[in-house]
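Enquirer: Structure below; questions to follow.
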Amino acid sequence: MTSAAFNAALVDRVALAPVAARTSTLTGAALDLLLYDGLGEIVLHGLRTTGDLTPTIEDSADGSTGFAVIATSALSSAFTAITTGTDFIQARTLDVAIVKRFIRFIGTAANTPSHTYGATFGGMKKYRP
């Protein structure tokens, strides 16, 4: 296996919110970070037609209870609410070591929202020989 193929096998990108048209708040499925190490990247991209979208990332120890907005120190910066304009993209670095085992994406919609967007997590899998 070449080093490029080896590295590609360790990098993973997972949908936190599959791209779709939405008119209400989205609570994404929990993503287990157990297999990831170091820094990851969360990318939010989409199109705003009307209304507002406030994106947040929550974490939980077990993936089903106790979800709360992650510590500000875990992200390179907080996501910015989308209240004007049309197309948008925001990328943030996530320190996997600081958050609890599971994360999920929350897209809080308000003011007669109409958005088409998606969010992904990209990270380096732990190396296990």
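If you're wondering about the labels, chains in the structure tokens are A, B, ... by order shown, residues count from 1 in each chain, ligands from 1 in order shown.
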Quick one: residues within 7 Å of Ala30 in chain A, only C-alpha atoms, excluding same-chain residues fewer than 4 positions away - as a PDB file with all heavy atoms, in the first residue's frame?
Expert:
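Produced file result-v9.pdb, reproduced below:
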ATOM      1  N   GLY A  63     -24.475   9.059  23.607  1.00  0.00           N
ATOM      2  CA  GLY A  63     -25.102   9.166  22.294  1.00  0.00           C
ATOM      3  C   GLY A  63     -26.616   9.201  22.301  1.00  0.00           C
ATOM      4  O   GLY A  63     -27.239   9.306  21.244  1.00  0.00           O
ATOM      5  N   PHE A 102     -19.715  11.223  21.714  1.00  0.00           N
ATOM      6  CA  PHE A 102     -20.657  11.393  20.616  1.00  0.00           C
ATOM      7  C   PHE A 102     -20.916  12.874  20.352  1.00  0.00           C
ATOM      8  O   PHE A 102     -20.986  13.671  21.293  1.00  0.00           O
ATOM      9  CB  PHE A 102     -21.999  10.718  20.943  1.00  0.00           C
ATOM     10  CG  PHE A 102     -21.904   9.227  21.058  1.00  0.00           C
ATOM     11  CD1 PHE A 102     -21.534   8.631  22.250  1.00  0.00           C
ATOM     12  CD2 PHE A 102     -22.173   8.418  19.970  1.00  0.00           C
ATOM     13  CE1 PHE A 102     -21.437   7.248  22.373  1.00  0.00           C
ATOM     14  CE2 PHE A 102     -22.090   7.033  20.071  1.00  0.00           C
ATOM     15  CZ  PHE A 102     -21.718   6.450  21.276  1.00  0.00           C
ATOM     16  N   ILE A 103     -21.071  13.229  19.080  1.00  0.00           N
ATOM     17  CA  ILE A 103     -21.483  14.588  18.716  1.00  0.00           C
ATOM     18  C   ILE A 103     -22.686  14.499  17.782  1.00  0.00           C
ATOM     19  O   ILE A 103     -22.934  13.461  17.150  1.00  0.00           O
ATOM     20  CB  ILE A 103     -20.359  15.407  18.026  1.00  0.00           C
ATOM     21  CG1 ILE A 103     -19.927  14.752  16.714  1.00  0.00           C
ATOM     22  CG2 ILE A 103     -19.207  15.640  18.975  1.00  0.00           C
ATOM     23  CD1 ILE A 103     -19.061  15.639  15.835  1.00  0.00           C
ATOM     24  N   ARG A 104     -23.429  15.601  17.708  1.00  0.00           N
ATOM     25  CA  ARG A 104     -24.505  15.706  16.726  1.00  0.00           C
ATOM     26  C   ARG A 104     -24.642  17.164  16.313  1.00  0.00           C
ATOM     27  O   ARG A 104     -24.241  18.080  17.037  1.00  0.00           O
ATOM     28  CB  ARG A 104     -25.823  15.161  17.263  1.00  0.00           C
ATOM     29  CG  ARG A 104     -26.453  16.009  18.351  1.00  0.00           C
ATOM     30  CD  ARG A 104     -27.757  15.414  18.834  1.00  0.00           C
ATOM     31  NE  ARG A 104     -28.355  16.231  19.884  1.00  0.00           N
ATOM     32  CZ  ARG A 104     -29.425  15.881  20.560  1.00  0.00           C
ATOM     33  NH1 ARG A 104     -30.020  14.722  20.330  1.00  0.00           N
ATOM     34  NH2 ARG A 104     -29.913  16.683  21.487  1.00  0.00           N
TER      35      ARG A 104
END
Enquirer: Quick one: residues within 7 Å of range 90-99 of chain A, only C-alpha atoms, excluding same-chain residues fewer than 4 positions away - as a ChimeraX atom specification?
Expert: /A:37-45,59,70,74-77
Enquirer: Check range 13-89 of chain A with DSSP on the backbone and list each residue it calls strand (DSSP E or B), as a PyMOL selection string.
Expert: chain A and resi 13-22+26-27+31-32+36-60+68-69+75+82+87-89
Enquirer: So which residues of chain A fall under alpha helix (DSSP H) by DSSP, listed as a compact mmCIF listing (two decimals) with N, CA and C atoms, in the first residue's frame?
Expert:
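That gives us states-v3.txt:
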# COMPACT_ATOMS: atom_id res chain seq x y z
N SER A 3 1.89 5.24 0.58
CA SER A 3 1.59 6.12 1.71
C SER A 3 0.34 6.95 1.43
N ALA A 4 0.11 7.34 0.17
CA ALA A 4 -1.10 8.10 -0.17
C ALA A 4 -2.34 7.24 0.05
N ALA A 5 -2.29 5.99 -0.35
CA ALA A 5 -3.44 5.09 -0.15
C ALA A 5 -3.63 4.82 1.33
N PHE A 6 -2.54 4.67 2.06
CA PHE A 6 -2.62 4.45 3.50
C PHE A 6 -3.29 5.63 4.18
N ASN A 7 -2.85 6.86 3.85
CA ASN A 7 -3.45 8.06 4.45
C ASN A 7 -4.90 8.21 4.06
N ALA A 8 -5.25 7.92 2.81
CA ALA A 8 -6.65 8.02 2.37
C ALA A 8 -7.53 7.04 3.14
N ALA A 9 -6.97 5.89 3.48
CA ALA A 9 -7.74 4.89 4.23
C ALA A 9 -8.02 5.34 5.65
N LEU A 10 -7.20 6.25 6.17
CA LEU A 10 -7.38 6.73 7.54
C LEU A 10 -8.29 7.95 7.65
Enquirer: Counting only C-alpha atoms, which of A:Thr49, A:Thr23, A:Ser114, A:Thr54 gets nearest to Asp87 in chain A?
Expert: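 Smallest distance to Asp87 in chain A is found for A:Thr49.
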Enquirer: Quick one: distance from CA of Phe88 in chain A to CA of Leu33 in chain A in Å, one decimal?
Expert: 26.2 Å
Enquirer: Which is closest to Ala15 in chain A among A:Met124, A:Ile57, A:Ala71, A:Ala119, if we use only C-alpha atoms?
Expert: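 Smallest distance to Ala15 in chain A is found for A:Ala119.
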